[in-house]
Structures are given as structure tokens and as C-alpha cells.
file coords-v5.pdb (PDB, C-alpha atoms)
MODEL        1
ATOM      1  CA  MET A  20      15.529 -57.000 -13.805
ATOM      2  CA  GLU A  21      16.619 -53.599 -12.586
ATOM      3  CA  THR A  22      14.080 -51.840 -10.402
ATOM      4  CA  SER A  23      13.506 -48.092 -10.420
ATOM      5  CA  GLY A  24      15.425 -46.128  -7.834
ATOM      6  CA  LEU A  25      13.862 -44.595  -4.752
ATOM      7  CA  THR A  26      14.670 -41.077  -3.655
ATOM      8  CA  VAL A  27      15.193 -40.797   0.083
ATOM      9  CA  HIS A  28      15.634 -37.572   1.998
ATOM     10  CA  GLY A  29      18.012 -36.547   4.730
ATOM     11  CA  GLN A  30      17.341 -34.055   7.490
ATOM     12  CA  ALA A  31      15.957 -30.832   5.999
ATOM     13  CA  VAL A  32      16.820 -28.779   9.086
ATOM     14  CA  SER A  33      20.542 -29.563   9.013
ATOM     15  CA  PHE A  34      20.647 -28.919   5.262
ATOM     16  CA  SER A  35      18.897 -25.558   5.678
ATOM     17  CA  THR A  36      21.189 -24.606   8.561
ATOM     18  CA  ALA A  37      24.279 -25.362   6.504
ATOM     19  CA  LEU A  38      23.061 -23.218   3.596
ATOM     20  CA  ARG A  39      22.002 -20.413   5.943
ATOM     21  CA  SER A  40      25.622 -20.179   7.072
ATOM     22  CA  LEU A  41      26.529 -19.139   3.501
ATOM     23  CA  VAL A  42      24.187 -16.124   3.458
ATOM     24  CA  ASN A  43      26.345 -13.001   3.175
ATOM     25  CA  ASN A  44      29.427 -15.124   3.802
ATOM     26  CA  PRO A  45      32.482 -13.963   1.821
ATOM     27  CA  ARG A  46      34.007 -17.439   1.932
ATOM     28  CA  TYR A  47      33.623 -19.054  -1.506
ATOM     29  CA  SER A  48      31.521 -16.089  -2.626
ATOM     30  CA  ASP A  49      31.872 -15.171  -6.298
ATOM     31  CA  VAL A  50      29.590 -12.140  -6.504
ATOM     32  CA  ARG A  51      29.245  -9.002  -4.402
ATOM     33  CA  PHE A  52      26.261  -6.670  -4.226
ATOM     34  CA  VAL A  53      26.200  -3.080  -3.085
ATOM     35  CA  VAL A  54      22.724  -2.730  -1.648
ATOM     36  CA  GLY A  55      20.412   0.112  -0.620
ATOM     37  CA  GLN A  56      20.974   3.775   0.037
ATOM     38  CA  GLU A  57      23.467   2.818   2.740
ATOM     39  CA  ARG A  58      25.501   0.951   0.068
ATOM     40  CA  GLN A  59      26.031  -2.105   2.246
ATOM     41  CA  GLU A  60      28.233  -4.818   0.765
ATOM     42  CA  VAL A  61      26.581  -8.244   0.569
ATOM     43  CA  PHE A  62      28.256 -11.482  -0.536
ATOM     44  CA  ALA A  63      26.529 -14.276  -2.471
ATOM     45  CA  HIS A  64      27.047 -17.210  -4.833
ATOM     46  CA  ARG A  65      26.133 -16.936  -8.501
ATOM     47  CA  CYS A  66      25.114 -20.519  -9.162
ATOM     48  CA  LEU A  67      22.695 -20.630  -6.267
ATOM     49  CA  LEU A  68      21.039 -17.323  -7.079
ATOM     50  CA  ALA A  69      20.792 -18.151 -10.770
ATOM     51  CA  CYS A  70      19.191 -21.555 -10.275
ATOM     52  CA  ARG A  71      16.678 -20.219  -7.729
ATOM     53  CA  CYS A  72      15.583 -16.986  -9.361
ATOM     54  CA  SER A  73      15.233 -16.031 -13.026
ATOM     55  CA  PHE A  74      15.763 -12.344 -12.160
ATOM     56  CA  PHE A  75      19.235 -13.079 -10.817
ATOM     57  CA  GLN A  76      19.903 -15.513 -13.657
ATOM     58  CA  ARG A  77      19.380 -12.682 -16.156
ATOM     59  CA  LEU A  78      21.172 -10.125 -14.032
ATOM     60  CA  LEU A  79      24.255 -12.218 -13.412
ATOM     61  CA  SER A  80      24.407 -13.512 -17.000
ATOM     62  CA  THR A  81      24.485  -9.929 -18.230
ATOM     63  CA  ASP A  82      27.206  -9.214 -15.731
ATOM     64  CA  LEU A  83      29.312 -12.080 -17.079
ATOM     65  CA  ASP A  84      28.641 -11.357 -20.741
ATOM     66  CA  SER A  85      29.609  -7.713 -20.408
ATOM     67  CA  GLY A  86      32.760  -8.506 -18.544
ATOM     68  CA  ILE A  87      31.759  -6.118 -15.760
ATOM     69  CA  PRO A  88      33.182  -7.361 -12.446
ATOM     70  CA  SER A  89      31.394  -7.304  -9.123
ATOM     71  CA  PRO A  90      29.973  -5.514  -7.272
ATOM     72  CA  VAL A  91      26.442  -5.474  -8.632
ATOM     73  CA  VAL A  92      24.658  -2.332  -7.449
ATOM     74  CA  LEU A  93      21.044  -2.666  -6.267
ATOM     75  CA  SER A  94      20.274   0.726  -4.781
ATOM     76  CA  THR A  95      16.484   0.490  -4.483
ATOM     77  CA  VAL A  96      16.209  -2.447  -2.093
ATOM     78  CA  PRO A  97      17.175  -1.919   1.582
ATOM     79  CA  ALA A  98      19.953  -4.141   2.848
ATOM     80  CA  GLU A  99      17.838  -5.876   5.509
ATOM     81  CA  ALA A 100      15.175  -6.768   2.941
ATOM     82  CA  PHE A 101      17.782  -8.017   0.472
ATOM     83  CA  LEU A 102      19.317 -10.257   3.126
ATOM     84  CA  ALA A 103      15.859 -11.715   3.782
ATOM     85  CA  VAL A 104      15.534 -12.455   0.054
ATOM     86  CA  LEU A 105      18.904 -14.221   0.120
ATOM     87  CA  GLU A 106      17.880 -16.208   3.186
ATOM     88  CA  PHE A 107      14.830 -17.433   1.298
ATOM     89  CA  LEU A 108      16.814 -18.294  -1.837
ATOM     90  CA  TYR A 109      19.400 -20.256   0.141
ATOM     91  CA  THR A 110      17.103 -22.037   2.621
ATOM     92  CA  ASN A 111      13.534 -21.805   1.232
ATOM     93  CA  SER A 112      12.544 -20.190   4.521
ATOM     94  CA  VAL A 113      12.686 -16.618   5.751
ATOM     95  CA  THR A 114      12.702 -14.681   9.007
ATOM     96  CA  LEU A 115      10.233 -11.819   8.640
ATOM     97  CA  HIS A 116       9.816  -8.723  10.789
ATOM     98  CA  ARG A 117       6.923  -6.305  10.936
ATOM     99  CA  HIS A 118       9.098  -3.244  10.211
ATOM    100  CA  THR A 119      10.642  -4.685   7.028
ATOM    101  CA  VAL A 120       8.084  -7.133   5.640
ATOM    102  CA  LEU A 121       6.671  -4.649   3.113
ATOM    103  CA  GLU A 122      10.144  -4.067   1.713
ATOM    104  CA  VAL A 123      10.697  -7.821   1.469
ATOM    105  CA  LEU A 124       7.319  -8.173  -0.257
ATOM    106  CA  THR A 125       8.262  -5.434  -2.714
ATOM    107  CA  ALA A 126      11.515  -7.206  -3.529
ATOM    108  CA  ALA A 127       9.718 -10.538  -3.888
ATOM    109  CA  VAL A 128       7.295  -9.049  -6.402
ATOM    110  CA  GLU A 129      10.022  -7.280  -8.354
ATOM    111  CA  TYR A 130      12.221 -10.406  -8.452
ATOM    112  CA  GLY A 131       9.342 -12.710  -9.386
ATOM    113  CA  LEU A 132       9.585 -14.832  -6.227
ATOM    114  CA  GLU A 133       5.981 -16.003  -5.895
ATOM    115  CA  ASP A 134       6.550 -18.311  -2.915
ATOM    116  CA  LEU A 135       8.285 -15.560  -0.958
ATOM    117  CA  ARG A 136       5.514 -13.155  -1.917
ATOM    118  CA  GLU A 137       2.900 -15.542  -0.474
ATOM    119  CA  LEU A 138       4.884 -15.956   2.754
ATOM    120  CA  CYS A 139       5.047 -12.184   3.114
ATOM    121  CA  LEU A 140       1.321 -11.800   2.476
ATOM    122  CA  GLU A 141       0.498 -14.413   5.109
ATOM    123  CA  PHE A 142       2.756 -12.661   7.612
ATOM    124  CA  ILE A 143       1.308  -9.209   6.889
ATOM    125  CA  VAL A 144      -2.229 -10.449   7.529
ATOM    126  CA  LYS A 145      -1.104 -11.783  10.923
ATOM    127  CA  VAL A 146       0.632  -8.571  12.055
ATOM    128  CA  LEU A 147      -1.601  -5.966  10.379
ATOM    129  CA  ASP A 148      -2.272  -3.017  12.682
ATOM    130  CA  VAL A 149      -3.169   0.669  12.531
ATOM    131  CA  GLU A 150       0.401   1.832  11.920
ATOM    132  CA  LEU A 151       1.102  -0.701   9.170
ATOM    133  CA  VAL A 152      -2.202  -0.848   7.320
ATOM    134  CA  CYS A 153      -1.958   2.252   5.106
ATOM    135  CA  GLU A 154       1.589   1.360   4.059
ATOM    136  CA  ALA A 155       0.403  -2.150   3.234
ATOM    137  CA  LEU A 156      -2.524  -0.732   1.261
ATOM    138  CA  GLN A 157      -0.119   1.363  -0.783
ATOM    139  CA  VAL A 158       2.015  -1.663  -1.629
ATOM    140  CA  ALA A 159      -1.108  -3.646  -2.527
ATOM    141  CA  VAL A 160      -2.358  -0.936  -4.897
ATOM    142  CA  THR A 161       1.078  -0.403  -6.443
ATOM    143  CA  PHE A 162       1.546  -4.080  -7.322
ATOM    144  CA  GLY A 163      -2.072  -5.042  -7.936
ATOM    145  CA  LEU A 164      -2.313  -7.378  -4.952
ATOM    146  CA  GLY A 165      -6.100  -7.510  -4.811
ATOM    147  CA  PRO A 166      -6.611  -9.768  -1.763
ATOM    148  CA  LEU A 167      -4.188  -7.698   0.319
ATOM    149  CA  GLN A 168      -5.902  -4.485  -0.805
ATOM    150  CA  GLU A 169      -9.273  -5.873   0.259
ATOM    151  CA  ARG A 170      -7.874  -6.973   3.630
ATOM    152  CA  CYS A 171      -6.312  -3.559   4.253
ATOM    153  CA  ILE A 172      -9.484  -1.663   3.354
ATOM    154  CA  ALA A 173     -11.531  -3.954   5.608
ATOM    155  CA  PHE A 174      -9.116  -3.260   8.473
ATOM    156  CA  ILE A 175      -9.282   0.496   7.903
ATOM    157  CA  GLU A 176     -13.077   0.291   7.796
ATOM    158  CA  GLY A 177     -12.986  -1.007  11.355
ATOM    159  CA  HIS A 178     -10.304   1.425  12.581
ATOM    160  CA  SER A 179     -10.982   4.450  10.413
ATOM    161  CA  GLN A 180     -10.335   7.334  12.771
ATOM    162  CA  GLU A 181      -7.049   5.873  14.018
ATOM    163  CA  ALA A 182      -5.835   4.988  10.513
ATOM    164  CA  LEU A 183      -6.569   8.484   9.175
ATOM    165  CA  GLN A 184      -4.173   9.940  11.739
ATOM    166  CA  THR A 185      -1.163   7.879  10.701
ATOM    167  CA  ARG A 186       1.786   8.946   8.618
ATOM    168  CA  GLY A 187       0.993   6.108   6.237
ATOM    169  CA  PHE A 188      -2.350   7.706   5.395
ATOM    170  CA  LEU A 189      -0.689  11.017   4.528
ATOM    171  CA  GLU A 190       1.721   9.175   2.216
ATOM    172  CA  LEU A 191      -0.930   7.267   0.244
ATOM    173  CA  SER A 192      -0.982   7.749  -3.497
ATOM    174  CA  ALA A 193      -4.108   9.213  -5.071
ATOM    175  CA  SER A 194      -5.095   5.807  -6.463
ATOM    176  CA  ALA A 195      -4.793   4.153  -3.042
ATOM    177  CA  LEU A 196      -6.791   6.902  -1.345
ATOM    178  CA  LEU A 197      -9.408   6.724  -4.078
ATOM    179  CA  ALA A 198      -9.952   3.024  -3.402
ATOM    180  CA  LEU A 199     -10.450   3.836   0.274
ATOM    181  CA  LEU A 200     -12.861   6.726  -0.252
ATOM    182  CA  ARG A 201     -15.161   4.517  -2.328
ATOM    183  CA  SER A 202     -15.976   2.406   0.715
ATOM    184  CA  ASP A 203     -19.419   2.675   2.344
ATOM    185  CA  ARG A 204     -18.128   1.007   5.514
ATOM    186  CA  LEU A 205     -15.640   3.571   6.804
ATOM    187  CA  CYS A 206     -16.320   4.251  10.493
ATOM    188  CA  VAL A 207     -15.822   8.000  10.220
ATOM    189  CA  ASP A 208     -18.100  10.961   9.657
ATOM    190  CA  GLU A 209     -17.872  12.778   6.341
ATOM    191  CA  ALA A 210     -16.806  16.055   7.964
ATOM    192  CA  GLU A 211     -13.781  14.307   9.481
ATOM    193  CA  LEU A 212     -13.067  12.608   6.177
ATOM    194  CA  VAL A 213     -13.046  15.956   4.355
ATOM    195  CA  GLY A 214     -10.546  17.241   6.917
ATOM    196  CA  ALA A 215      -8.361  14.153   6.520
ATOM    197  CA  VAL A 216      -8.318  14.535   2.726
ATOM    198  CA  ARG A 217      -7.393  18.205   3.102
ATOM    199  CA  GLY A 218      -4.471  17.230   5.344
ATOM    200  CA  TRP A 219      -3.396  14.556   2.851
ATOM    201  CA  ALA A 220      -3.542  17.070  -0.020
ATOM    202  CA  ARG A 221      -1.513  19.640   1.925
ATOM    203  CA  VAL A 222       1.277  17.125   2.478
ATOM    204  CA  GLY A 223       1.237  16.122  -1.187
ATOM    205  CA  ALA A 224       1.242  19.765  -2.270
ATOM    206  CA  ALA A 225       4.304  20.481  -0.127
ATOM    207  CA  VAL A 226       6.182  17.452  -1.436
ATOM    208  CA  LEU A 227       5.235  17.891  -5.093
ATOM    209  CA  GLU A 228       5.279  21.712  -5.037
ATOM    210  CA  ARG A 229       1.812  21.827  -6.591
ATOM    211  CA  PRO A 230      -1.435  23.539  -5.518
ATOM    212  CA  VAL A 231      -3.544  21.710  -2.933
ATOM    213  CA  ALA A 232      -6.549  21.591  -5.280
ATOM    214  CA  GLU A 233      -4.461  20.058  -8.058
ATOM    215  CA  VAL A 234      -3.158  17.314  -5.770
ATOM    216  CA  ALA A 235      -6.657  16.632  -4.443
ATOM    217  CA  ALA A 236      -8.382  16.625  -7.834
ATOM    218  CA  PRO A 237      -8.237  12.838  -8.443
ATOM    219  CA  VAL A 238      -9.920  11.996  -5.117
ATOM    220  CA  VAL A 239     -12.251  14.771  -3.935
ATOM    221  CA  GLY A 240     -15.035  13.596  -6.236
ATOM    222  CA  GLU A 241     -15.553  10.691  -3.816
ATOM    223  CA  LEU A 242     -16.238  12.991  -0.858
ATOM    224  CA  ARG A 243     -19.940  12.834  -0.050
ATOM    225  CA  LEU A 244     -20.665  16.508   0.551
ATOM    226  CA  GLU A 245     -24.396  15.830   0.320
ATOM    227  CA  LEU A 246     -24.124  14.221   3.764
ATOM    228  CA  LEU A 247     -23.029  17.490   5.400
ATOM    229  CA  ALA A 248     -25.538  19.733   7.142
ATOM    230  CA  ALA A 249     -26.174  23.202   5.707
ATOM    231  CA  ALA A 250     -24.057  24.908   8.382
ATOM    232  CA  GLU A 251     -21.169  22.505   7.704
ATOM    233  CA  LEU A 252     -21.488  23.053   3.971
ATOM    234  CA  SER A 253     -21.385  26.834   4.478
ATOM    235  CA  ALA A 254     -18.243  26.523   6.607
ATOM    236  CA  LEU A 255     -16.653  24.242   4.016
ATOM    237  CA  GLU A 256     -17.526  26.694   1.251
ATOM    238  CA  GLU A 257     -15.854  29.528   3.152
ATOM    239  CA  GLN A 258     -12.746  27.443   3.856
ATOM    240  CA  ASN A 259     -12.693  26.419   0.209
ATOM    241  CA  ARG A 260     -12.528  30.104  -0.790
ATOM    242  CA  ARG A 261      -9.475  30.618   1.402
ATOM    243  CA  GLU A 262      -7.803  27.347   0.436
ATOM    244  CA  PRO A 263      -9.259  25.754  -2.704
ATOM    245  CA  LEU A 264      -9.711  22.018  -2.349
ATOM    246  CA  ILE A 265     -13.053  21.017  -3.874
ATOM    247  CA  PRO A 266     -14.447  22.171  -7.237
ATOM    248  CA  VAL A 267     -17.202  24.742  -6.846
ATOM    249  CA  GLU A 268     -19.491  22.625  -9.028
ATOM    250  CA  GLN A 269     -19.276  19.777  -6.508
ATOM    251  CA  ILE A 270     -20.336  22.074  -3.672
ATOM    252  CA  VAL A 271     -23.201  23.412  -5.790
ATOM    253  CA  GLU A 272     -24.485  19.857  -6.291
ATOM    254  CA  ALA A 273     -24.490  19.349  -2.525
ATOM    255  CA  TRP A 274     -26.468  22.571  -2.037
ATOM    256  CA  LYS A 275     -29.085  21.293  -4.487
ATOM    257  CA  CYS A 276     -29.927  18.458  -2.127
ATOM    258  CA  HIS A 277     -30.632  20.968   0.624
ATOM    259  CA  ALA A 278     -32.576  23.370  -1.584
ATOM    260  CA  LEU A 279     -34.762  20.714  -3.228
ATOM    261  CA  ARG A 280     -34.874  18.383  -0.221
ATOM    262  CA  ARG A 281     -34.140  15.464  -2.502
ATOM    263  CA  GLY A 282     -31.290  13.141  -3.336
ATOM    264  CA  ASN A 283     -29.675  13.058  -6.752
ATOM    265  CA  VAL A 284     -30.179   9.903  -8.815
ATOM    266  CA  ALA A 285     -27.098  10.635 -10.909
ATOM    267  CA  ARG A 286     -25.041  11.039  -7.730
ATOM    268  CA  SER A 287     -26.749   8.376  -5.619
ATOM    269  CA  THR A 288     -23.465   6.967  -4.309
ATOM    270  CA  LEU A 289     -22.547  10.371  -2.915
ATOM    271  CA  CYS A 290     -25.855  10.540  -1.049
ATOM    272  CA  ARG A 291     -25.310   7.152   0.584
ATOM    273  CA  ARG A 292     -24.344   7.193   4.253
ATOM    274  CA  ARG A 293     -21.161   5.502   5.348
ATOM    275  CA  ARG A 294     -21.116   3.273   8.404
ATOM    276  CA  GLY A 295     -19.631   6.085  10.501
ATOM    277  CA  THR A 296     -21.805   8.916   9.177
ATOM    278  CA  ALA A 297     -23.373  10.878  12.032
ATOM    279  CA  PRO A 298     -27.135  11.388  11.508
ATOM    280  CA  ARG A 299     -28.325  14.795  10.362
ATOM    281  CA  GLU A 300     -31.861  16.096   9.992
ATOM    282  CA  HIS A 301     -31.708  16.391   6.209
ATOM    283  CA  HIS A 302     -30.609  12.783   5.687
ATOM    284  CA  ARG A 303     -34.247  11.647   5.646
ATOM    285  CA  PHE A 304     -34.640  13.443   2.310
ATOM    286  CA  LEU A 305     -31.590  11.955   0.593
ATOM    287  CA  ASP A 306     -33.371   8.763  -0.396
ATOM    288  CA  LEU A 307     -35.992  10.782  -2.268
ATOM    289  CA  PRO A 308     -34.718  11.302  -5.843
ATOM    290  CA  PHE A 309     -34.953  14.539  -7.820
ATOM    291  CA  LYS A 310     -38.174  14.731  -9.853
TER     292      LYS A 310
ENDMDL
END

call {"tool": "encode", "arguments": {"input": "coords-v5.pdb", "output": "C-alpha cells"}}
result
Amino acid sequence: METSGLTVHGQAVSFSTALRSLVNNPRYSDVRFVVGQERQEVFAHRCLLACRCSFFQRLLSTDLDSGIPSPVVLSTVPAEAFLAVLEFLYTNSVTLHRHTVLEVLTAAVEYGLEDLRELCLEFIVKVLDVELVCEALQVAVTFGLGPLQERCIAFIEGHSQEALQTRGFLELSASALLALLRSDRLCVDEAELVGAVRGWARVGAAVLERPVAEVAAPVVGELRLELLAAAELSALEEQNRREPLIPVEQIVEAWKCHALRRGNVARSTLCRRRRGTAPREHHRFLDLPFK
């Protein structure tokens, strides 16, 4: 009676090393990519890409069906990130670097490579720092990576002042900044946060060629002006006349808290102190609601 066969495995390391030698190797290659803004030429093998990734299966099938020869142009992915993707597809392992991991993660999400995505996420958590965190938050918000978004916000909460001074903060989208401003645990005073948002809006206004107030409109509603002292609110009001940032109605609501010496039930979140809020004399009234 014939018995069932038994699958035995050879050395995985030697197999992976042999396949790694084929990454971007023109020998036996049957497809060429022109990758990134630098238009770097990268060599690959159709059958391997197609069997490992449905994105490339569709892409390369279309290429064959249309009769269009190589190269295949992929202008949005940087060459170094694309080579990391190929390394993963050929060897099921990848060498990640802090300065390119977000680009590799972006490619992994766009190409539907869930295992590579998870490897990138694990790596990002290990190397997350002040310079990387806002860029990582942006990627998390863009692709709906909830756990990474939560990890980034928690990191910023503990390093708020440093993070607000980075280039990555200035380049956040409105939706990413909005998620950050909703946190009660930011270790920064509201006056500093207003200044940081103004700086962010100025950069966006210059890039988009739009008014500062228009750029800031989606996020300024989360600024807790009620936490500012009367003198600070007066200074903000004067600055707002010179350079509009915050709707007048929002400033009026903050003045109500001072005039009535009460918080606002309808705006209770905006009366709540953040972890880094410096104490002010009027704060003792904010927990008393309007009658």
C-alpha cells in the first residue's frame, strides 16, 4: 500500500541568498521598470512577481495583452523603496532603513502586500522618534492604519514641543492635524499650540496659494481658546485682525467664559485642559457650566 509523501525542506538561508542575487539582476530578466522621479532602471522577472503579488500579476498581464514592451514606468515609488519591495517578493525578507521605511510601507499598502506592510509597521514602532513621527502619522491617516496612528499620537503626546517644531508637523494634512488637536494629552500649552497651528497654516497657504484662514479652517475649531488668559486672548484677537486665522465667532465664545466666569456645556471639550496646559487663574471657573 502506497503511503502519503512527506515534504522535507532544505536550507532556507541558501535558497533566500540565491534568489536575492536575482534582485535587479539583468541576467535572465524579462521585464524592466523605470522607477521614481530619478527614472532608475530596475530589472525583474515576470513569473516571480506575478505569482507573489496580484498587483504585478494584473500589471504585467496588461502589459502582455497590449503588446507594449518593457520598460514599465512606475514614477511614484522611489527606487530604493521599490528595490526593497522586490527584495521581499524574491526572498520573503526585507532590509529596512529608517529614512525609507515609510516609502516602503506606502508601496506595500498600494501593492496589497500585507506581510510586508506588517513588517514595516513593526520596524516603524521600533525606530519611531521625533523627526519621523509626524511623517508616520501622515502615512497612517492617509491609509487608515489605525494602530499606527494611535502609536504616533501617543508618541507626540509625550514629545509635543519637539514634534511641533519638525518639518513633518508643518507638512501634515488637515485631517492628520485634526486628529492630533483632539488629544487631551498633548504636553504643550494652548498658546504654543495656537502658534504652531498658525505656522502650519502659513506653510500650507504658501504652498497652496490660498489665504491662511482658509487653510486653517478645518482645524482651528479644535483650538481651546477658552484656556487662554484674558491678556492672551486680547493679543490673539489683535493678531487675528492683522492676519486672520480664527473665526471671530470662536474668539467671542472664548470671551464669554471670561465675562460670565463659567464654562460652556456645549463646548465642554474646548474648556478641558490638556496635559501640558499651564494653569491660569480663570481655569477654576471653567468647570462651572453656563446657567

call {"tool": "closest_residue", "arguments": {"input": "coords-v5.pdb", "among": "A:Leu252, A:Leu147, A:Ile265, A:Leu108", "to": "Val42 in chain A", "atoms": "only C-alpha atoms"}}
result
A:Leu108

call {"tool": "atom_distance", "arguments": {"input": "coords-v5.pdb", "atom1": "CA of Arg293 in chain A", "atom2": "CA of Leu264 in chain A"}}
result
21.5 Å

call {"tool": "resolve_selection", "arguments": {"input": "coords-v5.pdb", "expression": "the PyMOL selection byres ((chain A and resi 96) around 12)", "output": "PyMOL selection string"}}
result
chain A and resi 52-59+92-95+97-104+119+121-130

call {"tool": "resolve_selection", "arguments": {"input": "coords-v5.pdb", "expression": "the PyMOL selection byres ((chain A and resi 162) around 12)", "output": "ChimeraX atom specification"}}
result
/A:121,124-129,131,136,155-161,163-168,194-195

call {"tool": "closest_residue", "arguments": {"input": "coords-v5.pdb", "among": "A:Val113, A:Ala215, A:Val50, A:Leu305", "to": "Ser35 in chain A", "atoms": "all atoms listed in the file"}}
result
A:Val113

call {"tool": "residues_around", "arguments": {"input": "coords-v5.pdb", "residues": "Thr296 in chain A", "least_positions_apart": "3", "cutoff": "10 Å", "atoms": "all atoms listed in the file", "output": "PyMOL selection string"}}
result
chain A and resi 203-212+246-247+291-293+299

call {"tool": "closest_residue", "arguments": {"input": "coords-v5.pdb", "among": "A:Thr36, A:Gln269, A:Ser179, A:Thr110", "to": "Glu245 in chain A", "atoms": "only C-alpha atoms"}}
result
A:Gln269

call {"tool": "closest_residue", "arguments": {"input": "coords-v5.pdb", "among": "A:Gly29, A:Gln180, A:Glu133, A:Arg170", "to": "Ser73 in chain A", "atoms": "all atoms listed in the file"}}
result
A:Glu133

call {"tool": "atom_distance", "arguments": {"input": "coords-v5.pdb", "atom1": "CA of Leu41 in chain A", "atom2": "CA of Val61 in chain A"}}
result
11.3 Å

call {"tool": "atom_distance", "arguments": {"input": "coords-v5.pdb", "atom1": "CA of Val149 in chain A", "atom2": "CA of Phe174 in chain A"}}
result
8.2 Å

call {"tool": "residues_around", "arguments": {"input": "coords-v5.pdb", "residues": "Pro263 in chain A", "least_positions_apart": "5", "cutoff": "9 Å", "atoms": "all atoms listed in the file", "output": "PyMOL selection string"}}
result
chain A and resi 230-232+258

call {"tool": "write_last_selection", "arguments": {"input": "coords-v5.pdb", "atoms": "C-alpha atoms", "output": "PDB file, in the frame of the given file"}}
result
ATOM      1  CA  PRO A 230      -1.435  23.539  -5.518  1.00  0.00           C
ATOM      2  CA  VAL A 231      -3.544  21.710  -2.933  1.00  0.00           C
ATOM      3  CA  ALA A 232      -6.549  21.591  -5.280  1.00  0.00           C
ATOM      4  CA  GLN A 258     -12.746  27.443   3.856  1.00  0.00           C
TER       5      GLN A 258
END

call {"tool": "closest_residue", "arguments": {"input": "coords-v5.pdb", "among": "A:Ala198, A:Ile143, A:Glu256, A:Tyr109", "to": "Ala37 in chain A", "atoms": "only C-alpha atoms"}}
result
A:Tyr109

call {"tool": "resolve_selection", "arguments": {"input": "coords-v5.pdb", "expression": "the PyMOL selection byres ((chain A and resi 185) around 12)", "output": "PDB file with C-alpha atoms, in the frame of the given file"}}
result
ATOM      1  CA  ASP A 148      -2.272  -3.017  12.682  1.00  0.00           C
ATOM      2  CA  VAL A 149      -3.169   0.669  12.531  1.00  0.00           C
ATOM      3  CA  GLU A 150       0.401   1.832  11.920  1.00  0.00           C
ATOM      4  CA  LEU A 151       1.102  -0.701   9.170  1.00  0.00           C
ATOM      5  CA  VAL A 152      -2.202  -0.848   7.320  1.00  0.00           C
ATOM      6  CA  CYS A 153      -1.958   2.252   5.106  1.00  0.00           C
ATOM      7  CA  GLU A 154       1.589   1.360   4.059  1.00  0.00           C
ATOM      8  CA  ILE A 175      -9.282   0.496   7.903  1.00  0.00           C
ATOM      9  CA  HIS A 178     -10.304   1.425  12.581  1.00  0.00           C
ATOM     10  CA  SER A 179     -10.982   4.450  10.413  1.00  0.00           C
ATOM     11  CA  GLN A 180     -10.335   7.334  12.771  1.00  0.00           C
ATOM     12  CA  GLU A 181      -7.049   5.873  14.018  1.00  0.00           C
ATOM     13  CA  ALA A 182      -5.835   4.988  10.513  1.00  0.00           C
ATOM     14  CA  LEU A 183      -6.569   8.484   9.175  1.00  0.00           C
ATOM     15  CA  GLN A 184      -4.173   9.940  11.739  1.00  0.00           C
ATOM     16  CA  ARG A 186       1.786   8.946   8.618  1.00  0.00           C
ATOM     17  CA  GLY A 187       0.993   6.108   6.237  1.00  0.00           C
ATOM     18  CA  PHE A 188      -2.350   7.706   5.395  1.00  0.00           C
ATOM     19  CA  LEU A 189      -0.689  11.017   4.528  1.00  0.00           C
ATOM     20  CA  GLU A 190       1.721   9.175   2.216  1.00  0.00           C
ATOM     21  CA  LEU A 191      -0.930   7.267   0.244  1.00  0.00           C
ATOM     22  CA  ALA A 215      -8.361  14.153   6.520  1.00  0.00           C
ATOM     23  CA  GLY A 218      -4.471  17.230   5.344  1.00  0.00           C
ATOM     24  CA  TRP A 219      -3.396  14.556   2.851  1.00  0.00           C
TER      25      TRP A 219
END

call {"tool": "residues_around", "arguments": {"input": "coords-v5.pdb", "residues": "Arg51 in chain A", "least_positions_apart": "4", "cutoff": "9 Å", "atoms": "only C-alpha atoms", "output": "PyMOL selection string"}}
result
chain A and resi 45+60-64+89-92

call {"tool": "closest_residue", "arguments": {"input": "coords-v5.pdb", "among": "A:Leu199, A:Ala235, A:Ala249, A:Ile270", "to": "Val216 in chain A", "atoms": "all atoms listed in the file"}}
result
A:Ala235

call {"tool": "decode", "arguments": {"input": "coords-v5.pdb", "residues": "range 174-214 of chain A", "atoms": "C-alpha atoms", "output": "PDB file, in the first residue's frame"}}
result
ATOM      1  CA  PHE A 174       4.436  59.437  20.958  1.00  0.00           C
ATOM      2  CA  ILE A 175       3.658  63.055  20.083  1.00  0.00           C
ATOM      3  CA  GLU A 176       1.717  63.402  23.334  1.00  0.00           C
ATOM      4  CA  GLY A 177       4.928  62.629  25.191  1.00  0.00           C
ATOM      5  CA  HIS A 178       7.179  64.788  22.980  1.00  0.00           C
ATOM      6  CA  SER A 179       4.798  67.537  21.938  1.00  0.00           C
ATOM      7  CA  GLN A 180       7.012  70.601  21.918  1.00  0.00           C
ATOM      8  CA  GLU A 181       9.785  68.864  19.975  1.00  0.00           C
ATOM      9  CA  ALA A 182       7.377  67.314  17.456  1.00  0.00           C
ATOM     10  CA  LEU A 183       5.666  70.651  16.759  1.00  0.00           C
ATOM     11  CA  GLN A 184       8.992  72.089  15.619  1.00  0.00           C
ATOM     12  CA  THR A 185       9.675  69.477  12.955  1.00  0.00           C
ATOM     13  CA  ARG A 186       9.250  69.785   9.226  1.00  0.00           C
ATOM     14  CA  GLY A 187       6.942  66.784   9.351  1.00  0.00           C
ATOM     15  CA  PHE A 188       4.485  68.722  11.508  1.00  0.00           C
ATOM     16  CA  LEU A 189       4.367  71.591   9.012  1.00  0.00           C
ATOM     17  CA  GLU A 190       3.635  69.099   6.219  1.00  0.00           C
ATOM     18  CA  LEU A 191       0.723  67.341   7.947  1.00  0.00           C
ATOM     19  CA  SER A 192      -2.585  67.284   6.133  1.00  0.00           C
ATOM     20  CA  ALA A 193      -5.564  68.953   7.785  1.00  0.00           C
ATOM     21  CA  SER A 194      -7.076  65.567   8.656  1.00  0.00           C
ATOM     22  CA  ALA A 195      -3.863  64.395  10.339  1.00  0.00           C
ATOM     23  CA  LEU A 196      -3.512  67.625  12.306  1.00  0.00           C
ATOM     24  CA  LEU A 197      -7.162  67.446  13.302  1.00  0.00           C
ATOM     25  CA  ALA A 198      -6.643  64.004  14.826  1.00  0.00           C
ATOM     26  CA  LEU A 199      -3.731  65.400  16.825  1.00  0.00           C
ATOM     27  CA  LEU A 200      -5.525  68.510  18.072  1.00  0.00           C
ATOM     28  CA  ARG A 201      -8.339  66.391  19.510  1.00  0.00           C
ATOM     29  CA  SER A 202      -5.978  64.883  22.065  1.00  0.00           C
ATOM     30  CA  ASP A 203      -6.261  65.892  25.736  1.00  0.00           C
ATOM     31  CA  ARG A 204      -2.782  64.523  26.455  1.00  0.00           C
ATOM     32  CA  LEU A 205      -0.577  66.848  24.414  1.00  0.00           C
ATOM     33  CA  CYS A 206       2.264  68.145  26.601  1.00  0.00           C
ATOM     34  CA  VAL A 207       2.069  71.700  25.297  1.00  0.00           C
ATOM     35  CA  ASP A 208       0.305  74.854  26.399  1.00  0.00           C
ATOM     36  CA  GLU A 209      -2.566  76.122  24.278  1.00  0.00           C
ATOM     37  CA  ALA A 210      -0.807  79.403  23.473  1.00  0.00           C
ATOM     38  CA  GLU A 211       2.088  77.463  21.938  1.00  0.00           C
ATOM     39  CA  LEU A 212      -0.347  75.219  20.106  1.00  0.00           C
ATOM     40  CA  VAL A 213      -2.100  78.230  18.561  1.00  0.00           C
ATOM     41  CA  GLY A 214       1.285  79.485  17.366  1.00  0.00           C
TER      42      GLY A 214
END
